[in-house]
file work23.txt (compact mmCIF, C-alpha atoms)
# COMPACT_ATOMS: atom_id res chain seq x y z
CA MET G 127 5.10 31.78 -4.20
CA ASN G 128 2.33 33.43 -2.22
CA GLU G 129 3.25 35.47 0.83
CA GLY G 130 1.45 35.84 4.13
CA SER G 131 -0.58 33.39 6.13
CA LEU G 132 -2.53 30.49 4.68
CA SER G 133 -6.29 30.03 4.93
CA PRO G 134 -7.31 27.99 8.01
CA GLY G 135 -7.49 24.25 7.38
CA LEU G 136 -5.63 20.96 7.39
CA TYR G 137 -3.00 20.69 4.64
CA VAL G 138 -2.34 17.00 3.92
CA LEU G 139 1.17 17.20 2.56
CA ALA G 140 3.30 14.59 0.79
CA THR G 141 6.99 14.43 1.70
CA PRO G 142 9.85 12.69 -0.16
CA ILE G 143 10.05 8.89 0.07
CA GLY G 144 13.84 8.97 -0.07
CA ASN G 145 15.35 11.61 -2.31
CA LEU G 146 15.04 15.02 -0.69
CA GLY G 147 14.96 16.59 -4.15
CA ASP G 148 11.43 15.25 -4.64
CA ILE G 149 9.95 17.85 -2.30
CA THR G 150 7.69 20.11 -4.35
CA LEU G 151 7.86 23.89 -4.50
CA ARG G 152 4.30 24.08 -3.22
CA ALA G 153 5.09 21.76 -0.30
CA LEU G 154 8.01 24.00 0.67
CA ASP G 155 5.79 27.05 0.49
CA VAL G 156 3.07 25.45 2.65
CA LEU G 157 5.54 24.16 5.25
CA LYS G 158 7.00 27.66 5.59
CA ARG G 159 3.60 29.36 5.94
CA VAL G 160 1.55 27.04 8.18
CA ASP G 161 1.24 27.82 11.87
CA SER G 162 2.29 24.32 12.96
CA ILE G 163 2.96 20.86 11.59
CA ALA G 164 1.33 17.64 12.79
CA ALA G 165 3.58 14.64 12.19
CA GLU G 166 3.50 10.85 12.46
CA ASP G 167 6.95 10.96 14.07
CA THR G 168 8.17 14.38 15.18
CA ARG G 169 11.80 13.18 15.21
CA VAL G 170 11.68 12.12 11.55
CA THR G 171 9.86 15.28 10.50
CA GLY G 172 12.23 17.39 12.59
CA GLN G 173 15.15 16.01 10.59
CA LEU G 174 13.35 16.76 7.32
CA LEU G 175 12.55 20.33 8.35
CA SER G 176 16.14 20.88 9.47
CA ALA G 177 17.40 19.72 6.07
CA LEU G 178 14.96 22.12 4.41
CA GLY G 179 15.89 25.02 6.66
CA ILE G 180 12.39 25.30 8.15
CA SER G 181 11.48 25.71 11.82
CA LYS G 182 7.90 25.16 12.95
CA PRO G 183 6.12 23.88 16.09
CA LEU G 184 5.57 20.10 15.80
CA VAL G 185 2.62 18.10 17.12
CA SER G 186 2.63 14.30 17.32
CA VAL G 187 -0.26 12.62 15.45
CA ARG G 188 0.33 8.91 15.12
CA GLU G 189 -1.85 5.82 14.85
CA HIS G 190 -2.40 5.44 18.59
CA ASN G 191 -3.40 9.03 19.37
CA GLU G 192 -4.95 10.10 16.07
CA ARG G 193 -8.51 10.55 17.33
CA GLN G 194 -7.50 12.51 20.45
CA ALA G 195 -5.02 14.64 18.51
CA ALA G 196 -7.65 15.41 15.89
CA ALA G 197 -9.87 17.09 18.46
CA LYS G 198 -7.05 19.44 19.49
CA LEU G 199 -6.13 20.25 15.90
CA ILE G 200 -9.76 21.02 15.09
CA GLU G 201 -9.78 23.58 17.91
CA LYS G 202 -6.71 25.23 16.39
CA ILE G 203 -8.23 25.32 12.89
CA VAL G 204 -11.49 26.76 14.24
CA ALA G 205 -9.36 29.45 15.87
CA GLY G 206 -8.00 30.36 12.42
CA LYS G 207 -4.82 28.30 12.25
CA ALA G 208 -3.37 26.50 9.22
CA ILE G 209 -2.01 23.05 10.09
CA ALA G 210 0.08 20.77 7.86
CA TYR G 211 -0.07 17.01 8.36
CA VAL G 212 2.83 14.82 7.24
CA THR G 213 3.84 11.21 7.74
CA ASP G 214 7.37 9.82 7.78
CA ALA G 215 7.55 9.55 3.98
CA GLY G 216 5.19 9.86 1.03
CA THR G 217 1.52 10.74 0.99
CA PRO G 218 -0.40 10.56 4.29
CA ALA G 219 -3.50 8.39 4.76
CA ILE G 220 -2.58 5.95 1.96
CA SER G 221 -0.73 3.30 3.93
CA ASP G 222 0.13 5.60 6.84
CA PRO G 223 -2.00 7.27 9.53
CA GLY G 224 -4.11 10.28 8.60
CA ALA G 225 -7.49 8.97 7.44
CA LEU G 226 -9.17 9.43 10.85
CA LEU G 227 -7.71 12.90 11.19
CA VAL G 228 -8.92 13.89 7.73
CA ARG G 229 -12.39 12.52 8.36
CA ASP G 230 -12.79 14.26 11.72
CA VAL G 231 -11.61 17.60 10.36
CA ARG G 232 -13.92 17.29 7.37
CA GLU G 233 -16.89 16.25 9.54
CA ALA G 234 -16.25 19.35 11.64
CA GLY G 235 -16.99 21.38 8.51
CA LEU G 236 -13.41 22.54 8.08
CA ASP G 237 -11.23 22.60 4.97
CA VAL G 238 -8.89 19.71 4.12
CA ILE G 239 -6.45 20.63 1.37
CA PRO G 240 -4.25 18.08 -0.47
CA VAL G 241 -0.67 19.05 -1.24
CA PRO G 242 0.36 16.25 -3.62
CA GLY G 243 3.82 14.86 -4.11
CA ALA G 244 5.79 11.64 -3.75
CA SER G 245 3.97 8.31 -3.60
CA ALA G 246 5.69 4.92 -3.73
CA VAL G 247 2.62 3.33 -5.36
CA THR G 248 2.45 5.63 -8.37
CA ALA G 249 6.24 5.82 -8.68
CA ALA G 250 6.45 2.02 -8.84
CA LEU G 251 3.59 1.65 -11.31
CA SER G 252 5.10 4.28 -13.60
CA VAL G 253 8.18 2.09 -14.19
CA SER G 254 6.43 -1.31 -14.18
CA GLY G 255 5.50 -1.46 -17.84
CA PHE G 256 2.01 -2.73 -17.06
CA LYS G 257 -0.60 -1.43 -19.50
CA PRO G 258 -2.64 1.55 -18.28
CA GLY G 259 -5.81 0.28 -16.69
CA PRO G 260 -7.30 -0.73 -13.37
CA TRP G 261 -5.02 -1.49 -10.44
CA LEU G 262 -5.76 -2.30 -6.83
CA PHE G 263 -3.62 -1.13 -3.94
CA ALA G 264 -3.89 -3.75 -1.18
CA GLY G 265 -1.29 -2.29 1.19
CA PHE G 266 0.46 -4.73 3.51
CA LEU G 267 -0.66 -8.37 3.51
CA PRO G 268 -1.21 -10.16 6.86
CA PRO G 269 2.00 -11.37 8.55
CA LYS G 270 0.78 -14.94 9.21
CA GLN G 271 0.98 -17.31 6.24
CA LYS G 272 -2.58 -18.73 6.41
CA ALA G 273 -4.15 -15.27 6.63
CA ARG G 274 -1.78 -13.98 3.95
CA ARG G 275 -2.67 -16.75 1.50
CA ASP G 276 -6.38 -16.27 2.21
CA ALA G 277 -6.03 -12.55 1.45
CA ILE G 278 -4.19 -13.29 -1.80
CA LEU G 279 -6.76 -15.90 -2.75
CA ALA G 280 -9.55 -13.33 -2.35
CA LEU G 281 -7.81 -11.19 -5.00
CA LYS G 282 -6.83 -14.04 -7.32
CA HIS G 283 -9.51 -13.58 -9.97
CA LEU G 284 -9.44 -9.80 -10.25
CA PRO G 285 -8.25 -8.52 -13.65
CA SER G 286 -6.58 -5.51 -11.98
CA VAL G 287 -2.85 -5.24 -11.37
CA LEU G 288 -2.38 -6.07 -7.67
CA VAL G 289 -0.10 -3.71 -5.72
CA PHE G 290 1.30 -4.48 -2.27
CA TYR G 291 3.74 -2.96 0.19
CA GLU G 292 6.07 -5.33 2.02
CA ALA G 293 8.75 -5.14 4.69
CA PRO G 294 12.21 -6.65 4.09
CA HIS G 295 11.88 -9.41 6.70
CA ARG G 296 8.73 -10.79 5.03
CA VAL G 297 9.26 -10.09 1.34
CA ARG G 298 10.65 -13.52 0.45
CA GLU G 299 7.78 -15.37 2.15
CA THR G 300 5.19 -13.04 0.61
CA LEU G 301 6.58 -13.53 -2.89
CA ALA G 302 6.58 -17.31 -2.38
CA ASP G 303 2.92 -17.19 -1.28
CA LEU G 304 1.99 -14.99 -4.25
CA ALA G 305 3.56 -17.55 -6.57
CA ALA G 306 1.91 -20.50 -4.84
CA THR G 307 -1.53 -18.88 -4.82
CA LEU G 308 -1.68 -16.92 -8.08
CA GLY G 309 0.33 -19.14 -10.42
CA ASN G 310 2.98 -17.93 -12.83
CA ARG G 311 2.20 -14.31 -13.57
CA ARG G 312 4.44 -11.33 -14.26
CA VAL G 313 5.58 -9.51 -11.14
CA CYS G 314 7.53 -6.29 -10.75
CA VAL G 315 9.51 -5.74 -7.57
CA ALA G 316 10.42 -2.13 -6.75
CA ARG G 317 12.91 -1.75 -3.91
CA GLU G 318 14.22 1.36 -2.16
CA LEU G 319 12.55 3.75 -4.60
CA THR G 320 14.36 7.10 -4.99
CA LYS G 321 17.09 5.97 -2.57
CA GLN G 322 20.74 5.13 -3.26
CA PHE G 323 20.15 1.41 -3.85
CA GLU G 324 16.94 1.73 -5.88
CA GLU G 325 16.17 -1.35 -7.95
CA VAL G 326 13.21 -2.37 -10.11
CA ALA G 327 12.97 -5.83 -11.65
CA CYS G 328 10.16 -7.51 -13.59
CA VAL G 329 10.20 -11.31 -13.76
CA GLN G 330 7.78 -14.23 -13.56
CA LEU G 331 6.39 -15.21 -10.16
CA ALA G 332 7.94 -18.66 -10.63
CA GLU G 333 11.37 -17.01 -10.81
CA VAL G 334 11.06 -14.17 -8.30
CA VAL G 335 12.21 -16.01 -5.16
CA GLY G 336 15.28 -17.13 -7.07
CA TRP G 337 15.87 -13.52 -8.10
CA ILE G 338 15.71 -12.43 -4.44
CA ASP G 339 18.05 -15.24 -3.35
CA ALA G 340 20.64 -14.40 -6.04
CA ASP G 341 21.77 -11.29 -4.15
CA ALA G 342 21.65 -10.84 -0.36
CA TYR G 343 21.03 -7.11 -0.77
CA ARG G 344 17.77 -7.76 -2.64
CA GLU G 345 16.07 -8.73 0.62
CA LYS G 346 16.75 -5.30 2.14
CA GLY G 347 14.79 -2.07 2.02
CA GLU G 348 11.15 -1.12 1.51
CA PHE G 349 9.26 -2.92 -1.25
CA VAL G 350 6.40 -2.30 -3.65
CA LEU G 351 5.20 -5.53 -5.29
CA MET G 352 3.08 -5.34 -8.46
CA VAL G 353 1.47 -8.51 -9.83
CA GLU G 354 -0.28 -8.97 -13.16
CA GLY G 355 -4.07 -9.32 -12.91
CA ALA G 356 -6.03 -12.45 -13.73
CA ALA G 357 -6.28 -13.40 -17.39
CA ASP G 358 -9.71 -13.33 -19.05
CA THR G 359 -9.77 -17.13 -19.00
CA ASP G 360 -9.70 -17.04 -15.20
CA THR G 361 -12.82 -14.94 -14.71
CA GLY G 362 -15.16 -17.94 -14.57
CA MET G 363 -13.04 -19.49 -11.87
CA ALA G 364 -14.41 -17.17 -9.19
CA ASP G 365 -17.87 -18.74 -9.39
CA ALA G 366 -16.39 -22.23 -9.48
CA GLU G 367 -14.34 -21.49 -6.40
CA HIS G 368 -17.40 -20.24 -4.55
CA VAL G 369 -19.21 -23.50 -5.32
CA LEU G 370 -16.13 -25.49 -4.31
CA ARG G 371 -15.71 -23.82 -0.94
CA THR G 372 -19.41 -24.08 -0.15
CA LEU G 373 -19.28 -27.83 -0.79
CA ALA G 374 -16.04 -28.18 1.17
CA GLU G 375 -17.82 -26.96 4.29
CA GLU G 376 -19.81 -30.23 4.29
CA LEU G 377 -17.69 -32.70 2.29
CA PRO G 378 -14.09 -33.96 2.27
CA ALA G 379 -11.80 -32.11 -0.14
CA SER G 380 -11.74 -34.87 -2.77
CA GLN G 381 -15.53 -35.22 -2.88
CA ALA G 382 -16.07 -31.47 -2.89
CA ALA G 383 -13.66 -31.06 -5.80
CA LYS G 384 -15.29 -33.92 -7.76
CA LEU G 385 -18.81 -32.54 -7.34
CA ALA G 386 -17.75 -28.94 -8.00
CA ALA G 387 -16.06 -30.10 -11.22
CA LYS G 388 -19.31 -31.67 -12.40
CA LEU G 389 -21.31 -28.56 -11.55
CA THR G 390 -18.94 -25.99 -13.06
CA GLY G 391 -17.06 -27.77 -15.81
CA ARG G 392 -13.68 -27.05 -14.25
CA LYS G 393 -11.02 -29.72 -13.78
CA LYS G 394 -11.22 -31.72 -10.57
CA SER G 395 -7.43 -31.55 -10.11
CA GLU G 396 -7.51 -27.75 -10.42
CA LEU G 397 -10.24 -27.42 -7.81
CA TYR G 398 -8.67 -29.94 -5.46
CA ALA G 399 -5.39 -27.99 -5.61
CA LEU G 400 -7.20 -24.85 -4.47
CA LEU G 401 -8.42 -26.59 -1.33
CA THR G 402 -5.21 -28.37 -0.45
CA GLN G 403 -2.91 -25.34 -0.96
CA ASP G 404 -4.66 -23.69 2.01
CA HIS G 405 -3.07 -26.33 4.23
CA ASP G 406 0.47 -26.31 2.79
call {"tool": "encode", "arguments": {"input": "work23.txt", "output": "structure tokens"}}
result
Amino acid sequence: MNEGSLSPGLYVLATPIGNLGDITLRALDVLKRVDSIAAEDTRVTGQLLSALGISKPLVSVREHNERQAAAKLIEKIVAGKAIAYVTDAGTPAISDPGALLVRDVREAGLDVIPVPGASAVTAALSVSGFKPGPWLFAGFLPPKQKARRDAILALKHLPSVLVFYEAPHRVRETLADLAATLGNRRVCVARELTKQFEEVACVQLAEVVGWIDADAYREKGEFVLMVEGAADTDTGMADAEHVLRTLAEELPASQAAKLAAKLTGRKKSELYALLTQDHD
């Protein structure tokens, strides 16, 4: 590894998502050579650094102070300092804080350097068996059911594999809403990736809630959910749904579905189901 100080800049550094062995040699080198480390949670990062045998000054940069902290870090970088930024696990600024910090540092004309490593999204996709191709990372869905189903519905007709994060206390409800909104597609559930109780299962959406219920431990841990994209036969449905929802703003559900069916050639029952599922 290189010796001496690093060039001034912000080093956006990925940390392990569970297994400490996933830290990269380059990440270790950078952590040892930076002047200080900005962290989402200094307690979590302090534990990581202790396990790695590294001691560095820590600065708190979390969601609620990101903009203010960025200004102070920019001053340090302008003064010639190298700063690493890490979140609690994985790659910063993907589903964790960091995007505002990165943007402000970059807009100040300073260097932002990626130090790649662990990512739950790519780790999960690599063992999903889905064909290589487009995929869409949607992060966490809304916690309320109506908003969650609306968000899923907006993605329903995309041909891309849909990738979500979910917390243990909502995973069952989210999987049920995915099944109710998307129909019976293939879904892969990745739980506790790289940790002791890691588990990856690929089933049909119609079966996935039953799979969760079959073992109490399957509702624990951090989840990545990957759902098959829309089939080619579904691509025309997006236009039909737009017509349907426009009509539904002025007409009762049954009439809107009947007229939309005439205009688009879709089945009335199919269109009516789209409207009524919003109120389940």
call {"tool": "atom_distance", "arguments": {"input": "work23.txt", "atom1": "CA of Ala386 in chain G", "atom2": "CA of Ala356 in chain G"}}
result
21.0 Å
call {"tool": "closest_atom_pairs", "arguments": {"input": "work23.txt", "of": "range 275-378 of chain G", "to": "range 247-266 of chain G", "cutoff": "12 Å", "atoms": "only C-alpha atoms", "output": "tab-separated table"}}
result
residue	atom	partner	partner_atom	distance
G:Ala277	CA	G:Ala264	CA	9.4
G:Ile278	CA	G:Ala264	CA	9.6
G:Ala280	CA	G:Ala264	CA	11.2
G:Leu281	CA	G:Ala264	CA	9.2
G:Lys282	CA	G:Leu262	CA	11.8
G:Leu284	CA	G:Leu262	CA	9.0
G:Pro285	CA	G:Pro260	CA	7.9
G:Ser286	CA	G:Trp261	CA	4.6
G:Val287	CA	G:Trp261	CA	4.4
G:Leu288	CA	G:Leu262	CA	5.1
G:Val289	CA	G:Phe263	CA	4.7
G:Phe290	CA	G:Gly265	CA	4.8
G:Tyr291	CA	G:Phe266	CA	5.0
G:Glu292	CA	G:Phe266	CA	5.8
G:Ala293	CA	G:Phe266	CA	8.4
G:Pro294	CA	G:Phe266	CA	11.9
G:Arg296	CA	G:Phe266	CA	10.4
G:Val297	CA	G:Phe266	CA	10.5
G:Thr300	CA	G:Phe266	CA	10.0
G:Arg312	CA	G:Phe256	CA	9.4
G:Val313	CA	G:Ser254	CA	8.8
G:Cys314	CA	G:Ser254	CA	6.1
G:Val315	CA	G:Ala250	CA	8.4
G:Ala316	CA	G:Ala250	CA	6.1
G:Arg317	CA	G:Ala250	CA	9.0
G:Glu318	CA	G:Ala250	CA	10.3
G:Leu319	CA	G:Ala250	CA	7.6
G:Thr320	CA	G:Ala249	CA	9.0
G:Glu324	CA	G:Ala250	CA	10.9
G:Glu325	CA	G:Ala250	CA	10.3
G:Val326	CA	G:Val253	CA	7.9
G:Ala327	CA	G:Ser254	CA	8.3
G:Cys328	CA	G:Ser254	CA	7.3
G:Val329	CA	G:Ser254	CA	10.7
G:Glu348	CA	G:Phe266	CA	11.5
G:Phe349	CA	G:Ala250	CA	9.5
G:Val350	CA	G:Ala250	CA	6.8
G:Leu351	CA	G:Ala250	CA	8.4
G:Met352	CA	G:Leu251	CA	7.6
G:Val353	CA	G:Phe256	CA	9.3
G:Glu354	CA	G:Phe256	CA	7.7
G:Gly355	CA	G:Trp261	CA	8.3
G:Ala356	CA	G:Trp261	CA	11.5
call {"tool": "residues_around", "arguments": {"input": "work23.txt", "residues": "range 224-239 of chain G", "least_positions_apart": "2", "cutoff": "10 Å", "atoms": "only C-alpha atoms", "output": "JSON, numbers by chain"}}
result
{"G": [133, 134, 135, 136, 137, 138, 139, 165, 166, 187, 188, 189, 192, 193, 194, 195, 196, 197, 199, 200, 201, 203, 204, 208, 209, 210, 211, 212, 213, 217, 218, 219, 220, 221, 222, 241, 242]}
call {"tool": "atom_distance", "arguments": {"input": "work23.txt", "atom1": "CA of His190 in chain G", "atom2": "CA of Ile143 in chain G"}}
result
22.6 Å
call {"tool": "closest_residue", "arguments": {"input": "work23.txt", "among": "G:His283, G:Lys321, G:Arg275, G:Arg392", "to": "Leu304 in chain G", "atoms": "only C-alpha atoms"}}
result
G:Arg275
call {"tool": "atom_distance", "arguments": {"input": "work23.txt", "atom1": "CA of Leu370 in chain G", "atom2": "CA of Gly391 in chain G"}}
result
11.8 Å
call {"tool": "residues_around", "arguments": {"input": "work23.txt", "residues": "Ala382 in chain G", "least_positions_apart": "5", "cutoff": "6 Å", "atoms": "only C-alpha atoms", "output": "list in words"}}
result
Leu373, Ala374 and Leu377 of chain G
call {"tool": "closest_residue", "arguments": {"input": "work23.txt", "among": "G:Pro240, G:Pro268, G:Gly147, G:Gly336", "to": "Arg298 in chain G", "atoms": "only C-alpha atoms"}}
result
G:Gly336
call {"tool": "closest_residue", "arguments": {"input": "work23.txt", "among": "G:Ala164, G:Ala205, G:Leu401, G:Leu154", "to": "Ile180 in chain G", "atoms": "all atoms listed in the file"}}
result
G:Leu154
call {"tool": "residues_near_point", "arguments": {"input": "work23.txt", "point": "(20.0, -1.0, -1.0)", "cutoff": "7 Å", "atoms": "only C-alpha atoms", "output": "list of chain:residue names"}}
result
G:Glu318, G:Gln322, G:Phe323, G:Glu324, G:Tyr343, G:Lys346, G:Gly347
call {"tool": "closest_residue", "arguments": {"input": "work23.txt", "among": "G:Glu367, G:Glu333, G:Asp214, G:Glu345", "to": "Tyr398 in chain G", "atoms": "all atoms listed in the file"}}
result
G:Glu367
call {"tool": "residues_around", "arguments": {"input": "work23.txt", "residues": "Thr150 in chain G", "least_positions_apart": "6", "cutoff": "12 Å", "atoms": "only C-alpha atoms", "output": "compact mmCIF listing (two decimals) with C-alpha atoms, in the coordinates of the input"}}
result
# COMPACT_ATOMS: atom_id res chain seq x y z
CA MET G 127 5.10 31.78 -4.20
CA LEU G 139 1.17 17.20 2.56
CA ALA G 140 3.30 14.59 0.79
CA THR G 141 6.99 14.43 1.70
CA PRO G 142 9.85 12.69 -0.16
CA VAL G 156 3.07 25.45 2.65
CA LEU G 157 5.54 24.16 5.25
CA LEU G 178 14.96 22.12 4.41
CA GLY G 216 5.19 9.86 1.03
CA VAL G 241 -0.67 19.05 -1.24
CA PRO G 242 0.36 16.25 -3.62
CA GLY G 243 3.82 14.86 -4.11
CA ALA G 244 5.79 11.64 -3.75
call {"tool": "axis_aligned_box", "arguments": {"input": "work23.txt", "around": "range 179-182 of chain G", "padding_each_side": "5 Å", "output": "JSON"}}
result
{"center_x": 11.9, "center_y": 25.4, "center_z": 9.8, "size_x": 18.0, "size_y": 10.7, "size_z": 16.3}
call {"tool": "closest_residue", "arguments": {"input": "work23.txt", "among": "G:Glu376, G:Asp276, G:Asp341, G:Glu396", "to": "Asp303 in chain G", "atoms": "only C-alpha atoms"}}
result
G:Asp276
